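Raw query_14.pdb, PDB, C-alpha atoms and all ligand atoms:
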```pdb
MODEL        1
ATOM      1  CA  MET A   1       0.000   0.000   0.000  1.00  0.00           C
ATOM      2  CA  ARG A   2       2.996   2.297   0.516  1.00  0.00           C
ATOM      3  CA  ARG A   3       3.974   1.691  -3.104  1.00  0.00           C
ATOM      4  CA  ALA A   4       0.451   2.300  -4.391  1.00  0.00           C
ATOM      5  CA  GLY A   5       0.343   5.447  -2.266  1.00  0.00           C
ATOM      6  CA  LYS A   6       3.541   6.756  -3.851  1.00  0.00           C
ATOM      7  CA  VAL A   7       2.018   6.356  -7.317  1.00  0.00           C
ATOM      8  CA  VAL A   8      -1.089   8.261  -6.218  1.00  0.00           C
ATOM      9  CA  ALA A   9       1.140  10.989  -4.746  1.00  0.00           C
ATOM     10  CA  GLU A  10       2.849  11.292  -8.124  1.00  0.00           C
ATOM     11  CA  MET A  11      -0.521  11.519  -9.923  1.00  0.00           C
ATOM     12  CA  ILE A  12      -1.360  14.365  -7.551  1.00  0.00           C
ATOM     13  CA  SER A  13       1.860  16.282  -8.105  1.00  0.00           C
ATOM     14  CA  GLU A  14       1.803  15.778 -11.908  1.00  0.00           C
ATOM     15  CA  THR A  15      -1.839  16.798 -12.360  1.00  0.00           C
ATOM     16  CA  ARG A  16      -1.276  19.770 -10.058  1.00  0.00           C
ATOM     17  CA  LEU A  17       1.503  21.008 -12.349  1.00  0.00           C
ATOM     18  CA  ALA A  18      -0.808  20.706 -15.373  1.00  0.00           C
ATOM     19  CA  ILE A  19      -3.669  22.765 -13.880  1.00  0.00           C
ATOM     20  CA  LYS A  20      -3.942  26.160 -15.561  1.00  0.00           C
ATOM     21  CA  PRO A  21      -6.496  28.221 -17.490  1.00  0.00           C
ATOM     22  CA  GLY A  22      -7.271  26.714 -20.909  1.00  0.00           C
ATOM     23  CA  VAL A  23      -6.509  23.106 -19.989  1.00  0.00           C
ATOM     24  CA  THR A  24      -9.281  20.515 -20.359  1.00  0.00           C
ATOM     25  CA  THR A  25     -10.073  17.950 -17.702  1.00  0.00           C
ATOM     26  CA  ARG A  26      -9.427  15.248 -20.351  1.00  0.00           C
ATOM     27  CA  GLU A  27      -5.817  16.499 -20.532  1.00  0.00           C
ATOM     28  CA  LEU A  28      -5.459  16.089 -16.729  1.00  0.00           C
ATOM     29  CA  ASP A  29      -6.701  12.501 -17.082  1.00  0.00           C
ATOM     30  CA  ARG A  30      -4.039  11.891 -19.748  1.00  0.00           C
ATOM     31  CA  VAL A  31      -1.334  13.225 -17.405  1.00  0.00           C
ATOM     32  CA  ALA A  32      -2.530  10.845 -14.665  1.00  0.00           C
ATOM     33  CA  ARG A  33      -2.623   7.868 -17.092  1.00  0.00           C
ATOM     34  CA  GLU A  34       1.004   8.508 -17.979  1.00  0.00           C
ATOM     35  CA  VAL A  35       1.991   8.242 -14.316  1.00  0.00           C
ATOM     36  CA  LEU A  36       0.151   4.902 -13.987  1.00  0.00           C
ATOM     37  CA  GLU A  37       1.870   3.552 -17.118  1.00  0.00           C
ATOM     38  CA  ARG A  38       5.295   4.795 -16.074  1.00  0.00           C
ATOM     39  CA  ARG A  39       4.980   3.139 -12.639  1.00  0.00           C
ATOM     40  CA  GLY A  40       3.416  -0.111 -13.860  1.00  0.00           C
ATOM     41  CA  ALA A  41       0.280   0.550 -11.811  1.00  0.00           C
ATOM     42  CA  ARG A  42      -3.341  -0.248 -12.637  1.00  0.00           C
ATOM     43  CA  SER A  43      -6.238   2.161 -12.265  1.00  0.00           C
ATOM     44  CA  ASN A  44      -8.893   1.486  -9.640  1.00  0.00           C
ATOM     45  CA  PHE A  45     -11.163   4.164 -11.137  1.00  0.00           C
ATOM     46  CA  LEU A  46     -11.179   3.081 -14.801  1.00  0.00           C
ATOM     47  CA  GLY A  47     -14.078   0.673 -15.322  1.00  0.00           C
ATOM     48  CA  TYR A  48     -15.346   1.048 -11.719  1.00  0.00           C
ATOM     49  CA  HIS A  49     -19.103   0.578 -12.303  1.00  0.00           C
ATOM     50  CA  GLY A  50     -18.246   1.692 -15.839  1.00  0.00           C
ATOM     51  CA  PHE A  51     -16.351   4.888 -14.933  1.00  0.00           C
ATOM     52  CA  PRO A  52     -14.441   5.927 -18.087  1.00  0.00           C
ATOM     53  CA  ALA A  53     -11.300   7.637 -16.691  1.00  0.00           C
ATOM     54  CA  VAL A  54      -8.416   7.198 -14.211  1.00  0.00           C
ATOM     55  CA  ILE A  55      -9.219  10.364 -12.205  1.00  0.00           C
ATOM     56  CA  CYS A  56     -12.342  12.282 -11.246  1.00  0.00           C
ATOM     57  CA  THR A  57     -12.386  15.992 -12.113  1.00  0.00           C
ATOM     58  CA  SER A  58     -14.988  18.094 -10.299  1.00  0.00           C
ATOM     59  CA  PRO A  59     -14.976  21.886 -10.867  1.00  0.00           C
ATOM     60  CA  ASN A  60     -16.469  24.588  -8.607  1.00  0.00           C
ATOM     61  CA  ASN A  61     -19.899  23.519  -7.266  1.00  0.00           C
ATOM     62  CA  MET A  62     -19.233  19.900  -8.263  1.00  0.00           C
ATOM     63  CA  ILE A  63     -18.346  17.917  -5.154  1.00  0.00           C
ATOM     64  CA  VAL A  64     -17.065  14.575  -6.475  1.00  0.00           C
ATOM     65  CA  HIS A  65     -17.147  11.989  -9.309  1.00  0.00           C
ATOM     66  CA  GLY A  66     -16.877  14.406 -12.248  1.00  0.00           C
ATOM     67  CA  ILE A  67     -15.923  12.715 -15.547  1.00  0.00           C
ATOM     68  CA  PRO A  68     -12.894  14.166 -17.379  1.00  0.00           C
ATOM     69  CA  GLY A  69     -13.804  15.489 -20.813  1.00  0.00           C
ATOM     70  CA  GLY A  70     -14.095  18.724 -22.754  1.00  0.00           C
ATOM     71  CA  CYS A  71     -14.543  20.960 -19.698  1.00  0.00           C
ATOM     72  CA  VAL A  72     -12.012  23.814 -20.035  1.00  0.00           C
ATOM     73  CA  LEU A  73     -10.511  25.225 -16.830  1.00  0.00           C
ATOM     74  CA  GLU A  74     -10.922  28.978 -16.467  1.00  0.00           C
ATOM     75  CA  GLU A  75      -9.094  31.554 -14.377  1.00  0.00           C
ATOM     76  CA  GLY A  76     -10.803  31.749 -10.962  1.00  0.00           C
ATOM     77  CA  ASP A  77     -12.154  28.167 -10.993  1.00  0.00           C
ATOM     78  CA  VAL A  78     -11.402  25.604  -8.353  1.00  0.00           C
ATOM     79  CA  ILE A  79     -11.016  21.999  -9.464  1.00  0.00           C
ATOM     80  CA  SER A  80     -11.181  18.860  -7.316  1.00  0.00           C
ATOM     81  CA  ILE A  81      -9.052  15.977  -8.590  1.00  0.00           C
ATOM     82  CA  ASP A  82      -9.459  12.447  -7.186  1.00  0.00           C
ATOM     83  CA  CYS A  83      -6.681   9.949  -8.002  1.00  0.00           C
ATOM     84  CA  GLY A  84      -6.232   6.226  -7.391  1.00  0.00           C
ATOM     85  CA  ALA A  85      -3.807   3.415  -8.221  1.00  0.00           C
ATOM     86  CA  ILE A  86      -3.316  -0.323  -7.650  1.00  0.00           C
ATOM     87  CA  ILE A  87       0.072  -1.998  -7.149  1.00  0.00           C
ATOM     88  CA  GLU A  88       0.117  -5.793  -6.787  1.00  0.00           C
ATOM     89  CA  GLY A  89      -3.543  -5.781  -5.783  1.00  0.00           C
ATOM     90  CA  TYR A  90      -3.226  -3.043  -3.144  1.00  0.00           C
ATOM     91  CA  HIS A  91      -5.032   0.269  -3.496  1.00  0.00           C
ATOM     92  CA  GLY A  92      -4.256   3.945  -2.887  1.00  0.00           C
ATOM     93  CA  ASP A  93      -6.791   6.799  -3.077  1.00  0.00           C
ATOM     94  CA  ALA A  94      -6.293  10.547  -2.589  1.00  0.00           C
ATOM     95  CA  ALA A  95      -7.817  13.844  -3.690  1.00  0.00           C
ATOM     96  CA  TYR A  96      -7.172  17.569  -3.584  1.00  0.00           C
ATOM     97  CA  THR A  97      -8.816  20.794  -4.681  1.00  0.00           C
ATOM     98  CA  ALA A  98      -6.651  23.309  -6.526  1.00  0.00           C
ATOM     99  CA  ALA A  99      -6.984  26.907  -7.667  1.00  0.00           C
ATOM    100  CA  VAL A 100      -6.967  27.677 -11.392  1.00  0.00           C
ATOM    101  CA  GLY A 101      -4.936  30.892 -11.573  1.00  0.00           C
ATOM    102  CA  GLU A 102      -6.119  33.539  -9.112  1.00  0.00           C
ATOM    103  CA  ILE A 103      -9.205  32.623  -7.073  1.00  0.00           C
ATOM    104  CA  SER A 104     -11.469  34.637  -4.765  1.00  0.00           C
ATOM    105  CA  GLN A 105     -10.656  34.989  -1.084  1.00  0.00           C
ATOM    106  CA  ALA A 106     -13.840  33.054  -0.280  1.00  0.00           C
ATOM    107  CA  ALA A 107     -12.667  30.125  -2.405  1.00  0.00           C
ATOM    108  CA  GLU A 108      -9.162  30.248  -0.957  1.00  0.00           C
ATOM    109  CA  ARG A 109     -10.559  30.179   2.566  1.00  0.00           C
ATOM    110  CA  LEU A 110     -12.746  27.141   1.740  1.00  0.00           C
ATOM    111  CA  LEU A 111      -9.785  25.180   0.347  1.00  0.00           C
ATOM    112  CA  GLU A 112      -7.627  26.021   3.347  1.00  0.00           C
ATOM    113  CA  ALA A 113     -10.291  25.000   5.884  1.00  0.00           C
ATOM    114  CA  THR A 114     -11.152  21.769   4.063  1.00  0.00           C
ATOM    115  CA  GLU A 115      -7.520  20.672   3.919  1.00  0.00           C
ATOM    116  CA  ARG A 116      -7.120  21.598   7.588  1.00  0.00           C
ATOM    117  CA  SER A 117     -10.189  19.485   8.435  1.00  0.00           C
ATOM    118  CA  LEU A 118      -8.570  16.516   6.636  1.00  0.00           C
ATOM    119  CA  TRP A 119      -5.415  16.828   8.747  1.00  0.00           C
ATOM    120  CA  ALA A 120      -7.474  17.141  11.943  1.00  0.00           C
ATOM    121  CA  GLY A 121      -9.194  13.870  10.995  1.00  0.00           C
ATOM    122  CA  ILE A 122      -5.904  12.159  10.112  1.00  0.00           C
ATOM    123  CA  ASP A 123      -4.483  13.115  13.492  1.00  0.00           C
ATOM    124  CA  GLN A 124      -7.178  10.968  15.150  1.00  0.00           C
ATOM    125  CA  LEU A 125      -6.031   7.766  13.390  1.00  0.00           C
ATOM    126  CA  ARG A 126      -4.289   6.309  16.426  1.00  0.00           C
ATOM    127  CA  ASP A 127      -4.404   2.871  18.008  1.00  0.00           C
ATOM    128  CA  GLY A 128      -7.173   2.797  20.624  1.00  0.00           C
ATOM    129  CA  ASN A 129      -9.080   5.825  19.308  1.00  0.00           C
ATOM    130  CA  ARG A 130     -12.493   5.245  17.743  1.00  0.00           C
ATOM    131  CA  LEU A 131     -13.463   5.789  14.161  1.00  0.00           C
ATOM    132  CA  HIS A 132     -16.013   8.490  15.011  1.00  0.00           C
ATOM    133  CA  ASP A 133     -13.150  10.572  16.502  1.00  0.00           C
ATOM    134  CA  VAL A 134     -12.077  11.172  12.882  1.00  0.00           C
ATOM    135  CA  GLY A 135     -15.444  12.481  11.733  1.00  0.00           C
ATOM    136  CA  GLN A 136     -15.915  14.608  14.819  1.00  0.00           C
ATOM    137  CA  ALA A 137     -12.512  16.248  14.318  1.00  0.00           C
ATOM    138  CA  VAL A 138     -13.260  16.963  10.638  1.00  0.00           C
ATOM    139  CA  GLN A 139     -16.710  18.357  11.410  1.00  0.00           C
ATOM    140  CA  LYS A 140     -15.407  20.601  14.185  1.00  0.00           C
ATOM    141  CA  VAL A 141     -12.871  22.311  11.919  1.00  0.00           C
ATOM    142  CA  ALA A 142     -15.220  22.649   8.929  1.00  0.00           C
ATOM    143  CA  GLU A 143     -18.158  24.004  10.933  1.00  0.00           C
ATOM    144  CA  ALA A 144     -15.983  26.359  12.994  1.00  0.00           C
ATOM    145  CA  ALA A 145     -14.977  27.949   9.670  1.00  0.00           C
ATOM    146  CA  GLY A 146     -18.679  28.416   8.847  1.00  0.00           C
ATOM    147  CA  TYR A 147     -19.020  25.568   6.325  1.00  0.00           C
ATOM    148  CA  SER A 148     -21.020  22.350   6.122  1.00  0.00           C
ATOM    149  CA  VAL A 149     -19.818  18.785   5.744  1.00  0.00           C
ATOM    150  CA  VAL A 150     -21.390  16.577   3.052  1.00  0.00           C
ATOM    151  CA  ARG A 151     -23.334  13.667   4.602  1.00  0.00           C
ATOM    152  CA  LYS A 152     -24.167  11.462   1.622  1.00  0.00           C
ATOM    153  CA  TYR A 153     -20.574  10.698   0.561  1.00  0.00           C
ATOM    154  CA  VAL A 154     -17.984   9.534   3.080  1.00  0.00           C
ATOM    155  CA  GLY A 155     -14.517   8.024   3.518  1.00  0.00           C
ATOM    156  CA  HIS A 156     -13.810   4.312   3.753  1.00  0.00           C
ATOM    157  CA  ALA A 157     -11.422   1.585   4.749  1.00  0.00           C
ATOM    158  CA  ILE A 158      -9.107   0.572   1.892  1.00  0.00           C
ATOM    159  CA  GLY A 159      -6.867  -2.406   1.128  1.00  0.00           C
ATOM    160  CA  THR A 160      -7.234  -5.017  -1.607  1.00  0.00           C
ATOM    161  CA  SER A 161     -10.383  -3.145  -2.674  1.00  0.00           C
ATOM    162  CA  MET A 162     -10.748   0.610  -2.970  1.00  0.00           C
ATOM    163  CA  HIS A 163     -13.917   0.789  -0.890  1.00  0.00           C
ATOM    164  CA  GLU A 164     -13.932  -1.521   2.130  1.00  0.00           C
ATOM    165  CA  GLU A 165     -16.013  -1.505   5.300  1.00  0.00           C
ATOM    166  CA  PRO A 166     -16.321   0.368   7.545  1.00  0.00           C
ATOM    167  CA  GLN A 167     -17.279   3.715   6.062  1.00  0.00           C
ATOM    168  CA  VAL A 168     -15.727   6.838   7.593  1.00  0.00           C
ATOM    169  CA  PRO A 169     -18.296   9.651   7.974  1.00  0.00           C
ATOM    170  CA  ASN A 170     -16.942  13.190   8.211  1.00  0.00           C
ATOM    171  CA  TYR A 171     -19.362  13.987  11.044  1.00  0.00           C
ATOM    172  CA  TRP A 172     -20.650  12.518  14.292  1.00  0.00           C
ATOM    173  CA  PRO A 173     -22.556   9.471  13.015  1.00  0.00           C
ATOM    174  CA  GLY A 174     -24.983   9.228  15.953  1.00  0.00           C
ATOM    175  CA  THR A 175     -23.465   6.037  17.359  1.00  0.00           C
ATOM    176  CA  PRO A 176     -19.870   5.311  18.434  1.00  0.00           C
ATOM    177  CA  GLY A 177     -17.585   3.844  15.762  1.00  0.00           C
ATOM    178  CA  PRO A 178     -15.296   0.793  16.023  1.00  0.00           C
ATOM    179  CA  ARG A 179     -11.994   0.998  17.864  1.00  0.00           C
ATOM    180  CA  LEU A 180      -8.909   1.625  15.689  1.00  0.00           C
ATOM    181  CA  LYS A 181      -6.071  -0.910  15.572  1.00  0.00           C
ATOM    182  CA  VAL A 182      -2.525  -0.869  14.244  1.00  0.00           C
ATOM    183  CA  GLY A 183      -2.641  -2.087  10.632  1.00  0.00           C
ATOM    184  CA  ASN A 184      -6.009  -0.493   9.777  1.00  0.00           C
ATOM    185  CA  VAL A 185      -5.874   1.700   6.658  1.00  0.00           C
ATOM    186  CA  PHE A 186      -8.480   4.319   5.805  1.00  0.00           C
ATOM    187  CA  ALA A 187      -9.157   6.856   3.080  1.00  0.00           C
ATOM    188  CA  ILE A 188     -10.153  10.012   4.950  1.00  0.00           C
ATOM    189  CA  GLU A 189     -11.909  12.441   2.623  1.00  0.00           C
ATOM    190  CA  PRO A 190     -13.863  15.465   3.826  1.00  0.00           C
ATOM    191  CA  MET A 191     -16.133  17.121   1.265  1.00  0.00           C
ATOM    192  CA  VAL A 192     -16.955  20.616   2.514  1.00  0.00           C
ATOM    193  CA  ASN A 193     -19.495  23.094   1.111  1.00  0.00           C
ATOM    194  CA  ILE A 194     -19.833  26.847   1.583  1.00  0.00           C
ATOM    195  CA  GLY A 195     -23.639  26.419   1.690  1.00  0.00           C
ATOM    196  CA  THR A 196     -25.813  23.502   2.783  1.00  0.00           C
ATOM    197  CA  PRO A 197     -24.543  19.888   2.900  1.00  0.00           C
ATOM    198  CA  ASP A 198     -27.209  18.738   0.419  1.00  0.00           C
ATOM    199  CA  THR A 199     -26.177  17.136  -2.862  1.00  0.00           C
ATOM    200  CA  THR A 200     -27.671  16.485  -6.313  1.00  0.00           C
ATOM    201  CA  GLU A 201     -26.567  13.880  -8.842  1.00  0.00           C
ATOM    202  CA  LEU A 202     -26.462  15.007 -12.475  1.00  0.00           C
ATOM    203  CA  ASP A 203     -27.996  13.110 -15.404  1.00  0.00           C
ATOM    204  CA  ASP A 204     -24.639  11.610 -16.429  1.00  0.00           C
ATOM    205  CA  GLY A 205     -25.120   9.240 -13.470  1.00  0.00           C
ATOM    206  CA  TRP A 206     -21.812  10.288 -11.865  1.00  0.00           C
ATOM    207  CA  SER A 207     -21.311  13.995 -11.223  1.00  0.00           C
ATOM    208  CA  VAL A 208     -22.408  15.118  -7.758  1.00  0.00           C
ATOM    209  CA  VAL A 209     -22.994  18.855  -7.238  1.00  0.00           C
ATOM    210  CA  THR A 210     -24.071  20.990  -4.294  1.00  0.00           C
ATOM    211  CA  ALA A 211     -27.877  21.283  -4.215  1.00  0.00           C
ATOM    212  CA  ASP A 212     -27.654  25.054  -3.634  1.00  0.00           C
ATOM    213  CA  GLY A 213     -24.942  25.684  -6.247  1.00  0.00           C
ATOM    214  CA  SER A 214     -22.386  26.769  -3.631  1.00  0.00           C
ATOM    215  CA  LEU A 215     -18.670  26.068  -3.952  1.00  0.00           C
ATOM    216  CA  SER A 216     -17.290  22.762  -2.645  1.00  0.00           C
ATOM    217  CA  ALA A 217     -13.843  21.358  -1.822  1.00  0.00           C
ATOM    218  CA  HIS A 218     -12.522  17.817  -1.331  1.00  0.00           C
ATOM    219  CA  PHE A 219      -9.231  16.644   0.196  1.00  0.00           C
ATOM    220  CA  GLU A 220      -8.296  12.990   0.761  1.00  0.00           C
ATOM    221  CA  HIS A 221      -5.386  10.829   1.861  1.00  0.00           C
ATOM    222  CA  THR A 222      -4.909   7.100   2.385  1.00  0.00           C
ATOM    223  CA  VAL A 223      -3.598   6.705   5.938  1.00  0.00           C
ATOM    224  CA  ALA A 224      -2.373   3.700   7.952  1.00  0.00           C
ATOM    225  CA  VAL A 225      -2.736   3.364  11.715  1.00  0.00           C
ATOM    226  CA  THR A 226       0.778   2.445  12.934  1.00  0.00           C
ATOM    227  CA  GLU A 227       2.451   2.057  16.312  1.00  0.00           C
ATOM    228  CA  ALA A 228       4.130   5.404  15.640  1.00  0.00           C
ATOM    229  CA  GLY A 229       0.789   7.111  14.859  1.00  0.00           C
ATOM    230  CA  PRO A 230      -0.888   7.926  11.548  1.00  0.00           C
ATOM    231  CA  GLU A 231       1.211   7.241   8.424  1.00  0.00           C
ATOM    232  CA  VAL A 232       0.006   9.105   5.336  1.00  0.00           C
ATOM    233  CA  LEU A 233       0.683   6.794   2.383  1.00  0.00           C
ATOM    234  CA  THR A 234      -0.357   9.142  -0.426  1.00  0.00           C
ATOM    235  CA  GLN A 235       1.771  12.140   0.472  1.00  0.00           C
ATOM    236  CA  ALA A 236       4.520  13.197  -1.961  1.00  0.00           C
TER     237      ALA A 236
HETATM  238 MG    MG B 301     -10.735   9.299  -3.780  1.00  0.00          MG
HETATM  239 MG    MG B 302     -11.930   7.569  -1.406  1.00  0.00          MG
ENDMDL
END
```

Taking this structure as input, can you express it in the form of structure tokens?
Amino acid sequence: MRRAGKVVAEMISETRLAIKPGVTTRELDRVAREVLERRGARSNFLGYHGFPAVICTSPNNMIVHGIPGGCVLEEGDVISIDCGAIIEGYHGDAAYTAAVGEISQAAERLLEATERSLWAGIDQLRDGNRLHDVGQAVQKVAEAAGYSVVRKYVGHAIGTSMHEEPQVPNYWPGTPGPRLKVGNVFAIEPMVNIGTPDTTELDDGWSVVTADGSLSAHFEHTVAVTEAGPEVLTQA
């Protein structure tokens, strides 16, 4: 999983370098495919329930699962990129939201708070803690900044499949979660909206947008619970 994580980290850094006004989301997918080929990795996104690309590209009010295509990035946009890779059957999964050129202060503040909420969640991935500690930490940071946390889409355990049980909500789930143990690996992935947490799925059967049209951000890492604390596997 460390090796798969390194490939995902490289997909993140390479796509990040390619983000600029005028670039299409299809071009970002091509950049990510080249990383997979170069590293001898397989894609866990391509063909997943028929998904046609190796990354998800979700601009502005789109939260997750956007399909790369002819969408052209414009100055002032934000774009969420979700990347994944498989090495010898083991999966990595990570996402980030980036600015396209100069963005508004409101957008910048959303990105900063969402990434900070991810790190607050990651910090809870310690032997003996409980899974709901993660969601509570994420929710606290996001709501203190004045934002809402998406309820319908959540993080997950990860290993020889991308999405394993249990799920990892980014909020207090109403009942205590299981206790964390050394060797557990989770994809922690807060999705944070400026407006309400409500979501709408578009007619393409994939793209998920905010119901109120407000801006959204998404940050994710694959993280192992180790004796030394949380180990982020998808960090460059
Ligand atoms: Mg992901
Ligand atoms: Mg994920």

Using the chain letters and numbers from this file, what does the PyMOL selection byres (((chain A and resi 229) around 8) and not hetatm) select? Give the answer as a PDB file with C-alpha atoms, in the coordinates of the input.
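Everything below was put into result_5.pdb:
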```pdb
ATOM      1  CA  LEU A 125      -6.031   7.766  13.390  1.00  0.00           C
ATOM      2  CA  ARG A 126      -4.289   6.309  16.426  1.00  0.00           C
ATOM      3  CA  ASP A 127      -4.404   2.871  18.008  1.00  0.00           C
ATOM      4  CA  VAL A 225      -2.736   3.364  11.715  1.00  0.00           C
ATOM      5  CA  THR A 226       0.778   2.445  12.934  1.00  0.00           C
ATOM      6  CA  GLU A 227       2.451   2.057  16.312  1.00  0.00           C
ATOM      7  CA  ALA A 228       4.130   5.404  15.640  1.00  0.00           C
ATOM      8  CA  PRO A 230      -0.888   7.926  11.548  1.00  0.00           C
ATOM      9  CA  GLU A 231       1.211   7.241   8.424  1.00  0.00           C
TER      10      GLU A 231
END
```

Exercise. Return as a list in words the set of residues that the PyMOL selection byres (((chain A and resi 4-10) around 6) and not hetatm) yields on the displayed structure.
Key: Met1, Arg2, Arg3, Met11, Ile12, Ser13, Glu14, Gly84, Ala85, Ile86, Ile87, His91, Gly92, Leu233, Thr234, Gln235 and Ala236 of chain A

Practice problem: With a distance cut-off of 8 Å and only C-alpha atoms, select the neighbouring residues of Gly177 (chain A), excluding the residue or stretch itself and same-chain residues fewer than 6 positions from it, and output the selection as an MDAnalysis selection string. | Solution: chainID A and resid 130:132

Quiz prompt | Which residue of A:Tyr171, A:Tyr153, A:Phe45, A:Phe219 approaches Ala113 (chain A) most closely, using all atoms listed in the file | solution =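 Distance minimum relative to Ala113 (chain A) lands on A:Phe219.
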
Practice problem: Go through the chains and note each residue within 7 Å of ligand MG 301 (chain B), using all atoms listed in the file, then give the set as number ranges by chain. | Solution: A: 82-84, 93-95, 220

Self-check item: Using all atoms listed in the file: which of A:Thr199, A:Gln136, A:Gln167, A:Ser207 has the shortest distance to ligand MG 302 (chain B)
Solution: A:Gln167

Quiz prompt | Among the residues A:Ile188, A:Val154, A:Ala32, A:Ala98, the one that comes closest to Ser58 (chain A) [using all atoms listed in the file] | solution =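 Nearest to Ser58 (chain A): A:Ala98.
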
Set up a box along x, y and z of the file covering all listed atoms of region 162-172 of chain A, add 3 Å on every one of the six sides, and write the centre and edge lengths in Å to one decimal, as JSON.
```
{"center_x": -15.7, "center_y": 6.2, "center_z": 5.7, "size_x": 15.9, "size_y": 21.5, "size_z": 23.3}
```
